[in-house]
>>> print(open('model_32.cif').read())   # mmCIF, C-alpha atoms
data_run
#
loop_
_atom_site.label_atom_id
_atom_site.label_comp_id
_atom_site.auth_asym_id
_atom_site.auth_seq_id
_atom_site.Cartn_x
_atom_site.Cartn_y
_atom_site.Cartn_z
CA MET A 1 -134.85 82.16 13.06
CA LEU A 2 -133.36 78.91 14.26
CA PHE A 3 -132.27 76.20 11.85
CA ARG A 4 -132.20 72.94 13.69
CA VAL A 5 -131.59 69.52 12.21
CA ASP A 6 -131.20 66.10 13.74
CA VAL A 7 -128.90 63.83 11.78
CA ALA A 8 -130.31 60.79 13.59
CA ALA A 9 -133.94 61.50 12.67
CA ALA A 10 -135.74 59.45 10.02
CA GLU A 11 -136.85 62.56 8.09
CA PRO A 12 -134.34 63.49 5.37
CA LEU A 13 -132.10 66.43 6.32
CA ALA A 14 -133.21 68.47 3.29
CA ASP A 15 -136.84 68.09 4.38
CA GLN A 16 -135.92 69.12 7.91
CA ILE A 17 -134.21 72.29 6.65
CA ALA A 18 -137.12 73.14 4.33
CA ALA A 19 -139.54 72.61 7.20
CA GLN A 20 -137.56 75.05 9.37
CA VAL A 21 -137.87 77.78 6.72
CA ARG A 22 -141.60 77.12 6.32
CA GLY A 23 -141.95 77.36 10.09
CA GLY A 24 -140.01 80.62 10.10
CA ILE A 25 -142.37 82.13 7.51
CA LEU A 26 -145.43 80.82 9.37
CA ARG A 27 -144.29 82.30 12.67
CA GLY A 28 -143.41 85.63 11.06
CA GLU A 29 -139.70 85.25 11.84
CA LEU A 30 -138.95 85.45 8.14
CA ASP A 31 -140.43 88.33 6.20
CA PRO A 32 -140.65 88.83 2.45
CA GLY A 33 -137.31 90.15 1.24
CA ASP A 34 -135.33 88.46 4.03
CA ARG A 35 -132.31 86.65 2.77
CA LEU A 36 -131.56 83.12 3.89
CA PRO A 37 -127.97 82.22 4.67
CA SER A 38 -126.08 81.08 1.60
CA ALA A 39 -126.32 77.33 0.99
CA ARG A 40 -122.59 77.00 1.43
CA GLU A 41 -122.65 78.86 4.75
CA LEU A 42 -125.63 76.94 6.12
CA ALA A 43 -124.11 73.61 5.08
CA ASP A 44 -120.90 74.61 6.83
CA VAL A 45 -122.44 75.66 10.15
CA LEU A 46 -124.89 72.75 10.27
CA ASP A 47 -122.12 70.40 9.18
CA VAL A 48 -124.23 68.84 6.43
CA ASN A 49 -123.58 68.32 2.73
CA LEU A 50 -123.89 71.38 0.48
CA HIS A 51 -126.23 69.44 -1.83
CA THR A 52 -128.53 68.73 1.09
CA VAL A 53 -129.07 72.46 1.63
CA LEU A 54 -129.35 73.09 -2.12
CA ARG A 55 -132.03 70.39 -2.30
CA ALA A 56 -133.92 72.04 0.56
CA TYR A 57 -133.71 75.46 -1.12
CA ALA A 58 -134.78 74.01 -4.50
CA LYS A 59 -137.79 72.48 -2.78
CA LEU A 60 -138.72 75.83 -1.24
CA ARG A 61 -138.31 77.48 -4.62
CA ASP A 62 -140.64 74.90 -6.19
CA GLU A 63 -143.13 75.70 -3.44
CA GLU A 64 -142.85 79.36 -4.52
CA LEU A 65 -141.67 80.43 -1.07
CA ILE A 66 -138.21 81.64 -1.98
CA GLU A 67 -136.41 83.00 -5.00
CA LEU A 68 -132.99 81.66 -5.92
CA ARG A 69 -130.84 84.08 -7.84
CA ARG A 70 -127.23 83.74 -8.74
CA GLY A 71 -125.22 86.12 -6.58
CA ARG A 72 -128.17 87.17 -4.45
CA GLY A 73 -128.72 83.87 -2.70
CA ALA A 74 -132.09 82.74 -1.42
CA VAL A 75 -134.64 85.46 -0.70
CA ILE A 76 -138.11 85.04 0.77
CA ARG A 77 -140.58 85.93 -1.98
CA GLY A 78 -142.77 88.96 -1.64
CA ASP A 79 -145.84 86.82 -2.22
CA ALA A 80 -144.83 84.12 0.27
CA ASP A 81 -148.18 83.77 1.93
CA ALA A 82 -148.15 82.58 5.55
CA ALA A 83 -151.90 81.81 5.50
CA ARG A 84 -151.70 79.70 2.35
CA LEU A 85 -148.56 78.08 3.69
CA ARG A 86 -150.48 77.01 6.76
CA LEU A 87 -153.05 75.26 4.56
CA VAL A 88 -150.28 73.58 2.58
CA GLU A 89 -148.74 72.40 5.83
CA LEU A 90 -152.09 70.96 7.03
CA ALA A 91 -152.61 69.29 3.64
CA ARG A 92 -149.13 67.82 3.88
CA GLN A 93 -149.99 66.27 7.24
CA PHE A 94 -153.33 65.04 5.89
CA VAL A 95 -151.72 63.40 2.88
CA GLY A 96 -149.01 61.85 5.05
CA GLU A 97 -151.56 60.33 7.42
CA ALA A 98 -153.79 59.17 4.53
CA ARG A 99 -150.84 57.44 2.85
CA ARG A 100 -150.01 55.69 6.09
CA GLN A 101 -153.59 54.42 6.21
CA GLY A 102 -153.21 53.21 2.63
CA LEU A 103 -155.76 55.53 1.02
CA ALA A 104 -155.67 56.14 -2.74
CA ASP A 105 -155.84 59.66 -4.27
CA ALA A 106 -159.53 59.36 -5.13
CA GLU A 107 -160.38 58.37 -1.56
CA MET A 108 -158.41 61.34 -0.20
CA LEU A 109 -160.24 63.76 -2.51
CA ALA A 110 -163.53 62.27 -1.42
CA ILE A 111 -162.68 62.93 2.21
CA VAL A 112 -161.75 66.54 1.42
CA LYS A 113 -165.09 67.01 -0.40
CA GLU A 114 -166.97 65.46 2.51
CA ALA A 115 -165.25 67.89 4.88
CA GLN A 116 -167.05 70.81 3.21
CA PRO A 117 -169.88 72.07 5.38
CA MET B 1 -110.62 100.90 42.69
CA ASN B 2 -108.09 100.56 45.48
CA ARG B 3 -105.34 99.33 43.24
CA PRO B 4 -102.20 101.31 44.09
CA ARG B 5 -101.64 102.24 40.43
CA THR B 6 -105.11 103.70 40.15
CA VAL B 7 -104.53 105.78 43.28
CA VAL B 8 -101.19 107.03 41.91
CA ALA B 9 -102.86 107.84 38.57
CA ILE B 10 -105.51 109.92 40.34
CA ALA B 11 -102.79 111.73 42.31
CA LEU B 12 -101.06 112.48 39.00
CA ILE B 13 -104.31 113.90 37.57
CA TRP B 14 -104.46 116.34 40.49
CA LEU B 15 -100.77 117.29 40.23
CA PRO B 16 -101.31 119.86 37.41
CA VAL B 17 -104.10 121.48 39.45
CA VAL B 18 -101.70 121.86 42.37
CA ALA B 19 -99.05 123.22 40.00
CA THR B 20 -101.47 125.85 38.68
CA ALA B 21 -102.47 126.93 42.17
CA ALA B 22 -98.89 126.98 43.49
CA SER B 23 -97.44 128.90 40.53
CA TRP B 24 -100.28 131.42 40.65
CA ALA B 25 -99.60 131.99 44.34
CA ALA B 26 -95.88 132.38 43.65
CA TRP B 27 -96.36 134.79 40.75
CA SER B 28 -99.37 136.67 42.06
CA ASP B 29 -97.41 139.81 42.98
CA ARG B 30 -95.76 139.97 39.53
CA LEU B 31 -98.77 139.21 37.33
CA PRO B 32 -100.78 142.22 36.07
CA ALA B 33 -104.51 142.43 36.73
CA ARG B 34 -105.21 141.71 33.06
CA MET B 35 -103.03 139.43 31.03
CA ALA B 36 -102.74 138.36 27.42
CA THR B 37 -104.68 135.15 26.86
CA HIS B 38 -105.05 134.91 23.11
CA TRP B 39 -102.59 134.95 20.26
CA SER B 40 -102.85 134.39 16.55
CA GLY B 41 -99.84 132.34 15.66
CA THR B 42 -96.51 133.80 16.81
CA GLY B 43 -97.61 137.44 16.53
CA PRO B 44 -98.45 139.82 19.37
CA ALA B 45 -101.34 139.06 21.72
CA ASP B 46 -104.80 139.93 20.41
CA GLY B 47 -106.93 138.98 23.38
CA PHE B 48 -106.77 139.87 27.07
CA SER B 49 -108.63 138.60 30.14
CA SER B 50 -108.67 139.33 33.81
CA THR B 51 -105.89 137.30 35.42
CA GLY B 52 -108.20 136.22 38.21
CA ALA B 53 -110.88 134.96 35.84
CA PHE B 54 -108.41 133.16 33.56
CA GLY B 55 -106.55 131.49 36.44
CA THR B 56 -109.82 130.47 38.06
CA ALA B 57 -111.14 129.04 34.81
CA MET B 58 -107.99 126.94 34.37
CA LEU B 59 -108.25 125.76 37.98
CA ILE B 60 -111.91 124.82 37.51
CA VAL B 61 -111.10 122.77 34.41
CA GLY B 62 -108.39 120.98 36.40
CA VAL B 63 -110.65 120.32 39.39
CA VAL B 64 -113.45 119.04 37.12
CA ALA B 65 -110.96 116.69 35.46
CA GLY B 66 -109.68 115.54 38.84
CA VAL B 67 -113.17 114.83 40.16
CA ALA B 68 -114.05 113.08 36.88
CA GLY B 69 -110.98 110.87 37.37
CA ILE B 70 -112.09 109.87 40.86
CA LEU B 71 -115.64 109.19 39.67
CA ALA B 72 -114.31 107.10 36.79
CA ALA B 73 -112.20 105.03 39.18
CA VAL B 74 -115.23 104.46 41.42
CA ARG B 75 -117.76 103.78 38.68
CA ALA B 76 -115.60 101.99 36.10
CA GLY B 77 -113.13 100.33 38.45
CA GLY B 78 -111.76 97.12 37.04
CA THR B 79 -112.95 97.72 33.48
CA VAL B 80 -110.65 97.62 30.50
CA GLY B 81 -111.26 101.26 29.63
CA LEU B 82 -110.52 102.82 33.03
CA ARG B 83 -106.93 103.70 32.16
CA TYR B 84 -108.11 105.68 29.13
CA LEU B 85 -110.74 107.53 31.11
CA LEU B 86 -108.04 108.45 33.64
CA GLY B 87 -105.72 109.45 30.78
CA LEU B 88 -108.43 111.67 29.31
CA ALA B 89 -108.93 113.39 32.66
CA ALA B 90 -105.16 113.85 33.01
CA ALA B 91 -104.87 115.30 29.51
CA MET B 92 -107.66 117.72 30.37
CA ALA B 93 -106.06 118.78 33.67
CA GLY B 94 -102.59 118.87 32.13
CA SER B 95 -103.56 120.97 29.13
CA ALA B 96 -105.38 123.50 31.37
CA THR B 97 -102.21 123.85 33.43
CA GLY B 98 -100.15 124.00 30.22
CA LEU B 99 -102.29 126.90 28.97
CA TRP B 100 -101.92 128.63 32.29
CA ALA B 101 -98.14 128.14 32.38
CA ALA B 102 -97.69 129.23 28.75
CA THR B 103 -99.70 132.45 29.09
CA ALA B 104 -98.45 133.35 32.57
CA THR B 105 -94.76 132.87 31.72
CA ALA B 106 -95.23 134.78 28.46
CA THR B 107 -96.63 137.71 30.43
CA LEU B 108 -93.92 137.47 33.11
CA ASP B 109 -91.19 137.30 30.49
CA ASN B 110 -92.21 140.46 28.66
CA PRO B 111 -95.24 142.22 30.19
CA ALA B 112 -95.17 144.91 27.51
CA ASP B 113 -95.39 142.59 24.51
CA PRO B 114 -95.98 138.97 25.59
CA ARG B 115 -95.34 136.41 22.86
CA LEU B 116 -96.50 132.81 23.06
CA GLY B 117 -93.94 131.33 20.65
CA TRP B 118 -92.30 128.18 21.89
CA ARG B 119 -94.36 128.18 25.08
CA LEU B 120 -97.05 126.19 23.28
CA VAL B 121 -94.80 123.32 24.30
CA PHE B 122 -96.30 123.68 27.81
CA PHE B 123 -99.73 122.98 26.36
CA VAL B 124 -98.52 119.99 24.36
CA ALA B 125 -96.72 118.66 27.43
CA GLY B 126 -99.96 119.05 29.37
CA LEU B 127 -101.79 116.94 26.78
CA ALA B 128 -98.99 114.38 26.88
CA TRP B 129 -99.55 114.13 30.63
CA GLY B 130 -102.60 112.07 29.68
CA ALA B 131 -100.41 109.46 27.97
CA ILE B 132 -98.17 109.23 31.04
CA VAL B 133 -101.18 108.64 33.27
CA VAL B 134 -102.47 105.95 30.88
CA LEU B 135 -99.12 104.17 31.30
CA VAL B 136 -99.09 104.64 35.07
CA ALA B 137 -102.66 103.42 35.46
CA GLY B 138 -101.62 100.26 33.63
CA SER B 139 -103.86 97.72 32.04
CA SER B 140 -106.66 96.41 34.13
CA PRO B 141 -105.87 93.33 36.12
CA VAL B 142 -107.08 90.22 34.39
CA THR B 143 -110.08 89.94 36.62
CA THR B 144 -112.06 86.82 36.16
CA PRO B 145 -115.11 88.20 34.38
CA PRO B 146 -118.22 88.16 36.52
CA PRO B 147 -120.17 84.98 35.86
CA PRO B 148 -122.74 85.92 33.24
CA PRO B 149 -126.36 85.42 34.20
CA ALA B 150 -127.55 81.91 33.63
CA VAL B 151 -129.43 81.31 30.40
CA THR B 152 -131.20 78.03 29.98
CA PRO B 153 -129.25 76.38 27.17
CA LEU B 154 -131.12 75.10 24.15
CA ASP B 155 -131.84 71.40 24.67
CA LEU B 156 -129.64 70.28 21.81
CA GLY B 157 -129.33 66.53 21.46
CA PRO B 158 -125.96 65.02 20.60
CA THR B 159 -127.13 64.32 17.03
CA GLU B 160 -128.66 67.76 16.54
CA ARG B 161 -127.11 70.75 14.80
CA ALA B 162 -128.50 74.23 15.03
CA ALA B 163 -127.81 77.69 13.64
CA TYR B 164 -129.51 81.03 14.22
CA HIS B 165 -129.98 83.56 11.49
CA THR B 166 -131.84 86.83 11.37
CA THR B 167 -131.95 90.07 9.41
CA LEU B 168 -132.12 93.42 11.18
CA ARG B 169 -133.64 96.38 9.44
CA SER B 170 -133.46 99.78 10.91
CA PRO B 171 -136.04 102.31 9.74
CA LEU B 172 -134.55 104.71 12.31
CA ILE B 173 -131.04 104.57 10.85
CA ILE B 174 -132.29 104.70 7.27
CA THR B 175 -134.50 107.73 8.02
CA ALA B 176 -131.78 109.51 9.98
CA THR B 177 -129.11 108.94 7.34
CA ALA B 178 -131.50 109.94 4.54
CA ALA B 179 -132.32 113.17 6.40
CA ALA B 180 -128.61 113.86 6.97
CA ALA B 181 -127.90 113.20 3.29
CA VAL B 182 -130.62 115.65 2.22
CA VAL B 183 -129.30 118.36 4.55
CA ILE B 184 -125.74 117.87 3.30
CA ALA B 185 -126.88 117.86 -0.32
CA VAL B 186 -128.87 121.10 0.14
CA VAL B 187 -125.96 122.88 1.85
CA ALA B 188 -123.53 121.56 -0.75
CA ALA B 189 -125.78 122.66 -3.60
CA THR B 190 -126.00 126.21 -2.21
CA GLY B 191 -122.30 126.76 -2.72
CA GLN B 192 -120.33 124.80 -0.15
CA SER B 193 -119.33 122.32 -2.82
CA ALA B 194 -116.58 120.87 -0.62
CA LEU B 195 -119.38 119.36 1.44
CA TRP B 196 -120.33 116.93 -1.32
CA ALA B 197 -117.59 114.68 0.00
CA LEU B 198 -119.40 114.54 3.35
CA LEU B 199 -122.25 112.67 1.66
CA VAL B 200 -120.07 109.61 1.97
CA VAL B 201 -120.82 109.46 5.71
CA PRO B 202 -124.62 108.95 5.66
CA VAL B 203 -124.41 106.80 2.53
CA LEU B 204 -121.81 104.56 4.16
CA ALA B 205 -123.80 104.42 7.39
CA SER B 206 -126.98 103.32 5.62
CA VAL B 207 -125.12 100.79 3.48
CA LEU B 208 -123.48 99.29 6.57
CA PHE B 209 -126.29 99.42 9.10
CA GLY B 210 -129.51 99.79 7.12
CA GLN B 211 -129.71 96.02 6.89
CA VAL B 212 -127.61 93.75 9.08
CA ARG B 213 -127.59 89.97 9.08
CA VAL B 214 -126.85 88.34 12.41
CA THR B 215 -125.83 84.70 12.65
CA ALA B 216 -125.10 82.63 15.73
CA ASP B 217 -123.80 79.13 15.21
CA ARG B 218 -120.92 76.81 16.00
CA ARG B 219 -118.47 79.45 14.70
CA GLY B 220 -119.76 82.09 17.11
CA LEU B 221 -121.55 85.36 16.41
CA ARG B 222 -121.27 87.27 13.14
CA LEU B 223 -122.65 90.58 11.99
CA THR B 224 -122.75 91.15 8.25
CA ALA B 225 -123.71 94.35 6.46
CA GLY B 226 -126.65 93.01 4.47
CA LEU B 227 -126.45 95.26 1.45
CA VAL B 228 -122.78 94.69 0.67
CA GLY B 229 -122.15 91.37 2.40
CA LEU B 230 -119.32 92.77 4.50
CA LYS B 231 -118.63 90.95 7.76
CA PHE B 232 -117.91 93.78 10.16
CA ARG B 233 -117.89 91.94 13.46
CA THR B 234 -117.17 88.30 14.24
CA ILE B 235 -116.83 86.84 17.70
CA PRO B 236 -115.55 83.28 17.74
CA LEU B 237 -117.41 80.80 19.94
CA SER B 238 -114.24 80.32 22.00
CA GLY B 239 -114.23 84.05 22.79
CA ILE B 240 -117.70 83.94 24.33
CA ALA B 241 -117.85 83.38 28.09
CA GLY B 242 -121.60 83.68 28.30
CA ALA B 243 -124.72 85.14 26.76
CA GLU B 244 -127.60 86.99 28.30
CA VAL B 245 -130.79 88.73 27.31
CA ALA B 246 -131.05 92.34 28.35
CA GLU B 247 -132.96 95.53 27.70
CA ILE B 248 -130.68 97.73 25.63
CA GLU B 249 -130.78 101.37 26.63
CA PRO B 250 -129.00 103.14 23.72
CA LEU B 251 -127.45 105.85 25.89
CA GLU B 252 -125.84 103.25 28.15
CA TRP B 253 -124.08 101.76 25.15
CA GLY B 254 -122.95 105.03 23.61
CA GLY B 255 -125.89 105.80 21.33
CA TRP B 256 -127.34 104.41 18.14
CA GLY B 257 -125.42 102.59 15.43
CA TYR B 258 -122.21 100.64 15.87
CA ARG B 259 -120.72 101.94 19.11
CA VAL B 260 -117.40 101.17 20.69
CA THR B 261 -116.86 102.42 24.22
CA PRO B 262 -114.20 101.32 26.71
CA GLY B 263 -114.78 97.70 27.64
CA ARG B 264 -117.75 97.22 25.38
CA ALA B 265 -119.12 97.48 21.90
CA ALA B 266 -122.63 97.29 20.53
CA LEU B 267 -124.77 97.47 17.46
CA VAL B 268 -127.75 99.44 18.68
CA LEU B 269 -130.54 99.92 16.15
CA ARG B 270 -133.27 100.73 18.64
CA ARG B 271 -134.17 100.68 22.31
CA GLY B 272 -135.44 97.31 23.59
CA PRO B 273 -134.46 93.69 23.94
CA GLY B 274 -131.01 92.63 22.88
CA LEU B 275 -128.39 89.94 23.13
CA VAL B 276 -125.43 90.73 25.37
CA LEU B 277 -122.34 88.57 25.09
CA HIS B 278 -119.77 88.42 27.87
CA LEU B 279 -116.42 87.84 26.20
CA THR B 280 -113.59 85.87 27.72
CA ASP B 281 -111.39 88.99 27.78
CA GLY B 282 -113.85 90.71 30.11
CA ARG B 283 -115.46 92.89 27.48
CA ARG B 284 -119.08 92.86 26.44
CA PHE B 285 -120.79 92.99 23.10
CA ALA B 286 -124.46 93.76 22.54
CA VAL B 287 -126.79 93.73 19.57
CA THR B 288 -130.46 94.64 19.53
CA LEU B 289 -132.64 91.72 18.40
CA ASP B 290 -136.35 90.98 18.48
CA ASP B 291 -135.80 87.49 19.82
CA PRO B 292 -132.51 87.50 21.77
CA GLY B 293 -133.53 84.48 23.87
CA THR B 294 -133.04 82.06 20.97
CA PRO B 295 -129.43 82.98 20.08
CA ALA B 296 -128.56 83.32 23.78
CA ALA B 297 -129.83 79.79 24.48
CA LEU B 298 -128.18 78.44 21.32
CA LEU B 299 -124.76 80.00 22.01
CA THR B 300 -124.90 78.81 25.62
CA ALA B 301 -125.64 75.27 24.45
CA LEU B 302 -122.93 75.35 21.75
CA ARG B 303 -120.46 76.76 24.26
CA ALA B 304 -121.22 73.95 26.70
CA ARG B 305 -120.87 71.39 23.91
CA ALA B 306 -117.52 72.87 22.80
CA ARG B 307 -116.20 72.63 26.36
CA GLY B 308 -117.16 68.97 26.22
#
>>> encode(input="model_32.cif", output="structure tokens")
Amino acid sequence: MLFRVDVAAAEPLADQIAAQVRGGILRGELDPGDRLPSARELADVLDVNLHTVLRAYAKLRDEELIELRRGRGAVIRGDADAARLRLVELARQFVGEARRQGLADAEMLAIVKEAQP
Amino acid sequence: MNRPRTVVAIALIWLPVVATAASWAAWSDRLPARMATHWSGTGPADGFSSTGAFGTAMLIVGVVAGVAGILAAVRAGGTVGLRYLLGLAAAMAGSATGLWAATATATLDNPADPRLGWRLVFFVAGLAWGAIVVLVAGSSPVTTPPPPPAVTPLDLGPTERAAYHTTLRSPLIITATAAAAVVIAVVAATGQSALWALLVVPVLASVLFGQVRVTADRRGLRLTAGLVGLKFRTIPLSGIAGAEVAEIEPLEWGGWGYRVTPGRAALVLRRGPGLVLHLTDGRRFAVTLDDPGTPAALLTALRARARG
């Protein structure tokens, strides 16, 4: 898969890197058990700070997409679910747009409930 | 193909064939109808053949080698490995003539009890003929490598950084090495205990090639054995003249696994699409990938950026 970041973009670099991995899982380019490049290596080749990549990987770990183990690096989890990930991605967009429109949490939940058929 | 040195090298490949034919003609009235053709060490001969059949066989080997040399010059002209192909043909022709000269002179020297003895030197000299032809053929001229097919470079903005990373798994290699390991283990267990050591081969092959990580980035291309983290092939970006996407036909690249053939090397884990790099020294490197277009476009873009 292709890691691609734009240092001039408004989105933080760590978020960009995390988004690339999510995209890779969604598109089937990353399979459970696949190992991501080591944080040090990825930081080196993308010419970004090591902590930026570590932050991206920690985020993916918190999202239960990858496992971080000392010595083994970052591995895509066996239960990384592309279908669920797609929903999370849609929800992320929904929340982003709702925030921009100034909606509160309760209003967002109401919209989600209304969306049920 | 028409380089003078190549033509001289081909003439030298044919020289042993001529020597066999000429010496046979010169000795024909003195050689018996059957001559000793096999010895065990320095003892008396223990195998005899018809002189006509043995001489003909040696001539055929020489002619085959000579024709192979010409074909190699035509087909592989200008490649890095041509001199070695010519050398191989010369070693083949030379050793056939060496065998002929050793056995024929042994018979001529003492028809009653021919001994090979020191005449093995003829055979060794025949093999060494290959090395001479390698030197005569000389290294290939530094031809400007053919311009690699155009790949649309990745549209990488000046503020963008990109890196490609993928993991190759090879069920084929894992199955084949597991099967080989079982066969070796069974044979070893039934008494040939020396064969246990051979188990190293399939185990090593599966460790190295069962899982391979491929990265393409601003450093160039790297292949890493996934299970042990050993980088076994790195090609710096500056060594890449161009990248293309091609269908990899394993037999064209020397088979499956990590193959090195004259002028090219490849990691072939299956038949199908692959990334082919044209290196600045005229050689090529290929690796089978599901999505070779992405690294090809990325390396092309990074190469263009590095050139400025």
>>> residues_near_point(input="model_32.cif", point="(-103.8, 113.5, 25.0)", cutoff="6 Å", atoms="all atoms listed in the file", output="PDB file with C-alpha atoms, in the frame of the given file")
ATOM      1  CA  ALA B  91    -104.870 115.300  29.510  1.00  0.00           C
ATOM      2  CA  LEU B 127    -101.790 116.940  26.780  1.00  0.00           C
ATOM      3  CA  ALA B 128     -98.990 114.380  26.880  1.00  0.00           C
ATOM      4  CA  GLY B 130    -102.600 112.070  29.680  1.00  0.00           C
TER       5      GLY B 130
END
>>> resolve_selection(input="model_32.cif", expression="the PyMOL selection byres ((chain A and resi 45-51) around 7)", output="list in words")
Ala39, Arg40, Glu41, Leu42, Ala43, Asp44, Thr52, Val53, Leu54 and Arg55 of chain A; Arg161, Ala162, Ala163, Asp217 and Arg218 of chain B
>>> interface_residues(input="model_32.cif", of="chain B", to="chain A", cutoff="12 Å", atoms="all atoms listed in the file", output="JSON, numbers by chain")
{"B": [154, 155, 156, 157, 158, 159, 160, 161, 162, 163, 164, 165, 166, 167, 168, 169, 211, 212, 213, 214, 215, 216, 217, 218, 219, 220, 221, 222, 224, 226, 227, 228, 229, 289, 290, 291, 292, 293, 294, 295, 296, 297, 298, 299, 302]}
>>> residues_around(input="model_32.cif", residues="A:Glu89", least_positions_apart="6", cutoff="12 Å", atoms="all atoms listed in the file", output="ChimeraX atom specification")
/A:18-19,22-23,25-26,63,82-83,95-96
>>> atom_distance(input="model_32.cif", atom1="atom CA of A:Arg86", atom2="atom CA of A:Gly102")
24.3 Å
